[in-house]
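Colleague: Once you've had a glance at the structure underneath, I'll fire off some questions.
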There are 2 protein chains.
Amino acid sequence: MNILVVGLGLIGASIAKTLKKNTDHYVLGWNRTASVSRRALEDGAVDETGELSELIPKADITFINIYEEGIVPFVLENRALFKEGSIVADSCGIKTKLCRRLEKEQLGFYFIGCHPMAGREVSGYENSLPTLFDGASFICTPTNAPKSKTDTLVELAKQMGFERTVVTTPEHHDEMIAFTSQIAHVLACSYVLSPLAPMHDGFSAGSYRDVSRVARINADMWSELFVANKEPLIREIDDLTANLEKFKAAISSEDTDALKELMRRANKIKEEIG
Amino acid sequence: MNILVVGLGLIGASIAKTLKKNTDHYVLGWNRTASVSRRALEDGAVDETGELSELIPKADITFINIYEEGIVPFVLENRALFKEGSIVADSCGIKTKLCRRLEKEQLGFYFIGCHPMAGREVSGYENSLPTLFDGASFICTPTNAPKSKTDTLVELAKQMGFERTVVTTPEHHDEMIAFTSQIAHVLACSYVLSPLAPMHDGFSAGSYRDVSRVARINADMWSELFVANKEPLIREIDDLTANLEKFKAAISSEDTDALKELMRRANKIKEEIG
C-alpha cells in the first residue's frame with residue numbers, strides 16, 4: 001500500500017519511521033514546514049515527499065497528525081483529492097467531536113478515527129522514534145466505515161508492532177482517555193502547583209517523582225484536548241475531588257478504619273488491574 | 001560503634017544490611033519475632049542478637065524501626081536500659097508528634113528523630129535490601145540533643161551511603177512530607193478509586209502507570225501516619241482540591257487561555273525543580 005503521513009512531528013514522524021522499519025509499505029510524507037519533509041526524506045523516514053495535491057491522490061491510507069482543531073478543515077479542504085474508497089485516519093487523542101462531525105459528510109473515502117497511544121515529554125520531528133509505539137495500544141473508533149476498512153487499519157497496526165489493538169466507539173474512547181490520561185495530567189499539574197513544590201529538594205523520593213512526571217506537558221495541545229473532552233473530563237475531576245474529600249473527612253475525624261478501608265480498596269484495585 | 005537495630009522489617013533490616021555493607025560498625029539486631037532475628041544473624045545482616053535487656057545497654061546508637069504508635073512506649077519502657085549519653089533514633093515517616101512528646105522527658109540519652117527516605121511497595125525482612133538507601137535522603141529532626149550528637153548521626157548516614165542529609169525541625173519535615181509523599185499516596189489512591197479504573201486495559205500508557213503506582217500501599221501503616229500528620233496533610237488536600245477546581249472552572253467555560261496559563265506554570269515548576 002501507499003501510506004501518506006501528513007504532519008511529521010513527534011507522532012507523525014514516529015508513524016513514518018515505524019512503517020519503514022516494520023512494514024514493506026511505500027511511505028509518502030508531507031509537513032507544513034518543507035525543510036522537515038526534506039530531512040525526513042534524507043533520513044529515510046519517508047520514501048517520497050512533494051506537494052499535497054500530488055501525494056494525497058496516491059494514498060491508500062492517509063494518517064493526519066496535526067492539532068485536533070485542524071483535522072476537520074484539513075479533511076474537508078482536501079476532500080476532492082483523496083482516492084475513492086481510501087482510508088483517512090488521524091492520531092489525535094480525543095475522538096468524539098471529530099468523528100461525529102466527519103460522519104455527517106458524504107465522502108468518497110472512509111474517515112476512521114485512530115489513537116496510537118504513546119507520547120513523550122518532548123515534541124517535534126527531532127524527537128520522533130521508530131520505537132515509540134513498542135508496547136503501545138492502537139485504538140480505532142470507526143463510525144460509518146465498513147468493517148473491512150477497520151480491519152485493514154488494525155492489521156496495519158499489528159504489522160507496525162503495536163502490542164494491543166482496540167476497536168471501540170469514540171464516546172467510550174474519550175471517557176477512558178479522560179481517566180487514563182487527561183485526569184492524570186490535570187492531577188500532576190495540580191500537584192506541583194502546591195506552594196511547597198519549589199522546596200521539595202531533599203524531602204522527596206519515588207512517589208513525588210512518579211506522580212509529578214506528567215506535569216511536563218505541552219500546554220497548547222493539552223488545553224485544546226481538555227476542552228474537546230469537556231464532559232468526561234469534568235466527571236473525572238468530580239470523582240477525584242469526591243475521593244479526596246473522603247480522605248480528608250477520615251483524616252479530620254482521625255477515623256483510621258475509614259482510611260484503611262479506602263486504601264485497601266485502592267490497593268486491591270491496583271493489585272488486580274495493574 | 002555498637003549500633004542496635006530494633007525491628008528487622010523492610011526498613012530496619014535494610015539499615016542493618018547497609019551498615020554491614022558500607023561501615024565497620026558492630027551491628028546488634030532485635031526483632032519481636034525471634035525467628036527473624038535468627039535469620040538476620042544467619043544472613044550476616046547483623047553481628048549479634050539476643051534479649052533486649054542485654055542488647056540495649058551495649059548500644060552507642062539505637063535505631064527503632066517499628067510502627068509510629070509503638071515508638072514512644074518502647075523508648076519509655078526501656079529508658080533505664082539505654083547507655084548514658086547514647087543516641088536513640090527512629091525511622092518513622094512523621095516526626096512532630098513523636099519528637100515533641102519525647103522532648104518533654106528527662107532522659108539520660110538523646111532521642112533524635114530520623115527519616116531515611118526510602119521505601120518499597122512490599123514490606124518485611126524478606127524484602128529488605130543493602131541498596132535500599134542508594135540515592136536517598138537521610139533527614140534528622142533533633143529537638144533537645146546537642147549538635148555533636150546530630151553530627152554523629154549525619155556522619156553515620158554519609159558512611160552508610162545516603163546521597164543527601166538534611167537537618168531540620170520536625171514541623172518543617174512533616175509539612176514537606178505531607179507534600180512529597182503523603183498527598184502523592186492519597187492522590188494515587190483517589191485516582192484508582194474512579195469507577196473507570198477496572199476497565200483501563202488497552203487505554204492506558206505511561207501517565208496512568210506512573211500516577212497510580214503508589215496506590216499499592218500498606219493501609220495499616222499509612223492510615224496511622226496520615227492521622228499523625230493531620231494538619232499539614234489536610235492543607236495539602238485543600239491546595240490540591242483548589243487547583244483541581246481551577247482546572248475544572250477553566251474547562252467548563254472552555255477558557256483555553258486560563259488552562260494554558262495553569263499548565264505553563266506547572267510545566268515551569270517541574271522543569272525548574274525536577
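Chains: A, B, ... in order of the C-alpha cells. Residues: from 1 per chain. Ligands: from 1, in order shown.
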Using only C-alpha atoms and a cut-off of 7 Å, which residues of chain B sit close to chain A? Please list them as JSON, numbers by chain.
Modeller: {"B": [117, 118, 137, 164, 166, 176, 177, 179, 180, 181, 184, 189, 190, 191, 192, 193, 194, 196, 198, 200, 202, 203, 204, 205, 207, 208, 210, 211, 214, 215, 216, 217, 219, 220, 223, 224, 226, 227, 230, 234, 237, 239, 240, 241, 243, 244, 248, 251, 252, 254, 256, 259, 260, 263, 264, 266, 267, 269, 270, 273]}
Colleague: Write the residues you've just listed into a file as an mmCIF file, in the first residue's frame, and include C-alpha atoms for each of them.
Modeller:
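The new file out.cif reads:
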data_model
loop_
_atom_site.group_PDB
_atom_site.id
_atom_site.type_symbol
_atom_site.label_atom_id
_atom_site.label_comp_id
_atom_site.auth_asym_id
_atom_site.auth_seq_id
_atom_site.Cartn_x
_atom_site.Cartn_y
_atom_site.Cartn_z
ATOM 1 C CA MET B 117 13.661 8.401 52.893
ATOM 2 C CA ALA B 118 13.185 5.200 51.012
ATOM 3 C CA SER B 137 17.948 11.399 51.652
ATOM 4 C CA ARG B 164 21.747 13.637 50.905
ATOM 5 C CA VAL B 166 19.059 17.214 55.819
ATOM 6 C CA MET B 176 7.315 18.728 53.371
ATOM 7 C CA ILE B 177 6.446 15.029 53.721
ATOM 8 C CA PHE B 179 3.574 17.324 50.110
ATOM 9 C CA THR B 180 6.237 14.999 48.696
ATOM 10 C CA SER B 181 4.905 11.715 49.976
ATOM 11 C CA ALA B 184 1.039 11.666 46.472
ATOM 12 C CA CYS B 189 -5.489 6.053 45.811
ATOM 13 C CA SER B 190 -8.182 8.610 44.988
ATOM 14 C CA TYR B 191 -7.298 8.218 41.300
ATOM 15 C CA VAL B 192 -7.658 4.436 41.096
ATOM 16 C CA LEU B 193 -10.940 4.579 43.048
ATOM 17 C CA SER B 194 -12.578 6.004 39.879
ATOM 18 C CA LEU B 196 -13.422 3.550 35.250
ATOM 19 C CA PRO B 198 -11.148 -1.561 36.279
ATOM 20 C CA HIS B 200 -8.431 0.796 31.764
ATOM 21 C CA GLY B 202 -5.887 -1.153 26.397
ATOM 22 C CA PHE B 203 -6.493 2.536 27.047
ATOM 23 C CA SER B 204 -3.551 3.356 29.272
ATOM 24 C CA ALA B 205 0.063 4.302 28.800
ATOM 25 C CA SER B 207 0.774 8.519 32.654
ATOM 26 C CA TYR B 208 -1.716 6.099 34.246
ATOM 27 C CA ASP B 210 3.204 6.445 36.955
ATOM 28 C CA VAL B 211 0.454 8.404 38.666
ATOM 29 C CA VAL B 214 1.855 4.342 44.833
ATOM 30 C CA ALA B 215 -1.774 3.252 45.237
ATOM 31 C CA ARG B 216 -0.056 -0.015 46.218
ATOM 32 C CA ILE B 217 0.186 0.919 49.843
ATOM 33 C CA ALA B 219 -3.034 0.578 54.577
ATOM 34 C CA ASP B 220 -2.304 -0.026 58.279
ATOM 35 C CA SER B 223 -3.535 5.380 57.925
ATOM 36 C CA GLU B 224 -1.593 5.883 61.146
ATOM 37 C CA PHE B 226 -1.870 10.274 57.857
ATOM 38 C CA VAL B 227 -3.607 10.830 61.186
ATOM 39 C CA LYS B 230 -3.347 15.617 60.163
ATOM 40 C CA ILE B 234 -5.288 18.481 55.164
ATOM 41 C CA ILE B 237 -5.503 18.158 50.207
ATOM 42 C CA ASP B 239 -4.458 23.091 47.999
ATOM 43 C CA LEU B 240 -4.781 20.199 45.577
ATOM 44 C CA THR B 241 -8.577 20.382 45.514
ATOM 45 C CA ASN B 243 -6.076 23.614 41.949
ATOM 46 C CA LEU B 244 -8.336 20.892 40.534
ATOM 47 C CA LYS B 248 -12.500 22.413 36.232
ATOM 48 C CA ILE B 251 -12.535 23.530 31.212
ATOM 49 C CA SER B 252 -16.226 24.235 31.973
ATOM 50 C CA GLU B 254 -13.767 26.471 27.628
ATOM 51 C CA THR B 256 -8.134 27.696 26.912
ATOM 52 C CA LEU B 259 -5.818 26.323 31.010
ATOM 53 C CA LYS B 260 -2.612 27.180 29.181
ATOM 54 C CA MET B 263 -0.220 24.233 32.625
ATOM 55 C CA ARG B 264 2.618 26.599 31.746
ATOM 56 C CA ALA B 266 3.070 23.698 36.330
ATOM 57 C CA ASN B 267 5.418 22.908 33.457
ATOM 58 C CA ILE B 269 7.865 24.467 38.145
ATOM 59 C CA LYS B 270 8.503 20.896 37.031
ATOM 60 C CA ILE B 273 12.836 21.872 40.185
#
Colleague: To test your reading of the structure, identify every residue in stretch 18-168 of chain B that backbone DSSP assigns to strand (DSSP E), and report it as a ChimeraX atom specification.
Modeller: /B:26-30,61-64,87-90,110-116,137-141,164-167
Colleague: Please produce a file of the residues just selected, as a compact mmCIF listing (two decimals), in the first residue's frame, where the atoms kept are N, CA, C and O atoms.
Modeller:
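The result, written out as again21.txt:
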# COMPACT_ATOMS: atom_id res chain seq x y z
N TYR B 26 29.77 -2.41 64.60
CA TYR B 26 29.27 -3.71 65.06
C TYR B 26 27.76 -3.60 65.17
O TYR B 26 27.23 -2.71 65.85
N VAL B 27 27.04 -4.51 64.50
CA VAL B 27 25.59 -4.37 64.38
C VAL B 27 24.86 -5.41 65.24
O VAL B 27 25.00 -6.62 65.02
N LEU B 28 24.09 -4.90 66.19
CA LEU B 28 23.24 -5.73 67.04
C LEU B 28 21.82 -5.64 66.45
O LEU B 28 21.41 -4.58 65.98
N GLY B 29 21.10 -6.76 66.48
CA GLY B 29 19.76 -6.72 65.91
C GLY B 29 18.75 -7.41 66.79
O GLY B 29 19.05 -8.40 67.47
N TRP B 30 17.53 -6.87 66.80
CA TRP B 30 16.46 -7.48 67.58
C TRP B 30 15.14 -7.33 66.83
O TRP B 30 14.87 -6.28 66.24
N ILE B 61 24.39 3.70 69.45
CA ILE B 61 23.25 4.25 68.71
C ILE B 61 22.21 3.15 68.61
O ILE B 61 22.54 2.00 68.30
N THR B 62 20.95 3.49 68.88
CA THR B 62 19.85 2.54 68.69
C THR B 62 18.91 3.11 67.64
O THR B 62 18.48 4.27 67.74
N PHE B 63 18.62 2.33 66.61
CA PHE B 63 17.62 2.72 65.61
C PHE B 63 16.35 1.93 65.86
O PHE B 63 16.37 0.70 65.79
N ILE B 64 15.26 2.61 66.14
CA ILE B 64 13.98 1.93 66.39
C ILE B 64 13.14 1.99 65.12
O ILE B 64 12.82 3.07 64.61
N ILE B 87 22.78 7.63 71.67
CA ILE B 87 21.79 8.22 70.76
C ILE B 87 20.70 7.20 70.48
O ILE B 87 20.99 6.04 70.17
N VAL B 88 19.45 7.63 70.61
CA VAL B 88 18.32 6.78 70.24
C VAL B 88 17.61 7.47 69.08
O VAL B 88 17.24 8.65 69.18
N ALA B 89 17.50 6.75 67.98
CA ALA B 89 16.90 7.32 66.77
C ALA B 89 15.75 6.43 66.32
O ALA B 89 15.61 5.31 66.81
N ASP B 90 14.95 6.92 65.41
CA ASP B 90 13.89 6.08 64.86
C ASP B 90 13.89 6.29 63.34
O ASP B 90 14.72 7.03 62.82
N TYR B 110 20.00 10.61 74.27
CA TYR B 110 19.46 11.63 73.38
C TYR B 110 18.57 11.01 72.31
O TYR B 110 19.04 10.21 71.50
N PHE B 111 17.32 11.40 72.32
CA PHE B 111 16.43 10.95 71.24
C PHE B 111 16.51 11.94 70.09
O PHE B 111 16.32 13.14 70.27
N ILE B 112 16.81 11.44 68.88
CA ILE B 112 16.83 12.28 67.68
C ILE B 112 15.98 11.61 66.61
O ILE B 112 16.25 10.47 66.20
N GLY B 113 14.92 12.29 66.20
CA GLY B 113 14.06 11.75 65.15
C GLY B 113 14.82 11.65 63.84
O GLY B 113 15.56 12.57 63.49
N CYS B 114 14.63 10.56 63.12
CA CYS B 114 15.29 10.39 61.82
C CYS B 114 14.28 9.88 60.81
O CYS B 114 13.30 9.24 61.18
N HIS B 115 14.56 10.14 59.54
CA HIS B 115 13.72 9.61 58.47
C HIS B 115 14.61 9.26 57.28
O HIS B 115 14.95 10.12 56.49
N PRO B 116 14.99 7.98 57.19
CA PRO B 116 15.70 7.55 55.99
C PRO B 116 14.68 7.40 54.87
O PRO B 116 13.78 6.56 54.97
N SER B 137 17.67 10.37 50.65
CA SER B 137 17.95 11.40 51.65
C SER B 137 17.82 10.81 53.06
O SER B 137 16.95 9.97 53.30
N PHE B 138 18.65 11.30 53.97
CA PHE B 138 18.54 10.95 55.39
C PHE B 138 18.23 12.25 56.12
O PHE B 138 19.02 13.19 56.10
N ILE B 139 17.07 12.29 56.76
CA ILE B 139 16.64 13.53 57.43
C ILE B 139 16.68 13.35 58.94
O ILE B 139 16.21 12.33 59.46
N CYS B 140 17.27 14.32 59.65
CA CYS B 140 17.28 14.33 61.12
C CYS B 140 16.47 15.51 61.60
O CYS B 140 16.60 16.62 61.07
N THR B 141 15.69 15.29 62.66
CA THR B 141 14.90 16.38 63.24
C THR B 141 15.17 16.47 64.74
O THR B 141 14.31 16.15 65.56
N ARG B 164 22.00 12.32 50.32
CA ARG B 164 21.75 13.64 50.90
C ARG B 164 21.47 13.49 52.38
O ARG B 164 20.86 12.51 52.81
N THR B 165 21.91 14.49 53.18
CA THR B 165 21.46 14.54 54.57
C THR B 165 20.85 15.92 54.79
O THR B 165 21.34 16.92 54.24
N VAL B 166 19.77 15.96 55.54
CA VAL B 166 19.06 17.21 55.82
C VAL B 166 18.80 17.26 57.33
O VAL B 166 18.36 16.26 57.91
N VAL B 167 19.11 18.39 57.97
CA VAL B 167 18.77 18.59 59.38
C VAL B 167 17.74 19.71 59.44
O VAL B 167 17.98 20.81 58.91
Colleague: Contacts of A:Gly7 at 7 Å or less, counting only C-alpha atoms, minus same-chain residues fewer than 4 places along, as number ranges by chain?
Modeller: A: 12, 30-32, 64-66
Colleague: Among stretch 24-211 of chain B, which residues carry a DSSP assignment of helix (DSSP H, G or I), reported as an MDAnalysis selection string?
Modeller: chainID B and resid 34:43 52:58 68:77 96:103 125:127 147:160 170:192 197:199 206:211
Colleague: Would you pick out the contacts of stretch 101-103 of chain B at 9 Å or less, using only C-alpha atoms, so that residues sharing its chain but fewer than 4 positions from it are not included, and give the list as an MDAnalysis selection string?
Modeller: chainID B and resid 72 75:76 96:97 107 111 143:144
Colleague: I'd like to know which of B:Pro130, B:Pro170, B:Pro232, B:Gly124 is closest to B:Thr23, using only C-alpha atoms.
Modeller: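 Selected residue with least distance to B:Thr23: B:Pro130.
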Colleague: Quick check, in Å to one decimal: how far apart do atom CA of B:Ala40 and atom CA of B:Lys17 lie?
Modeller: 9.0 Å
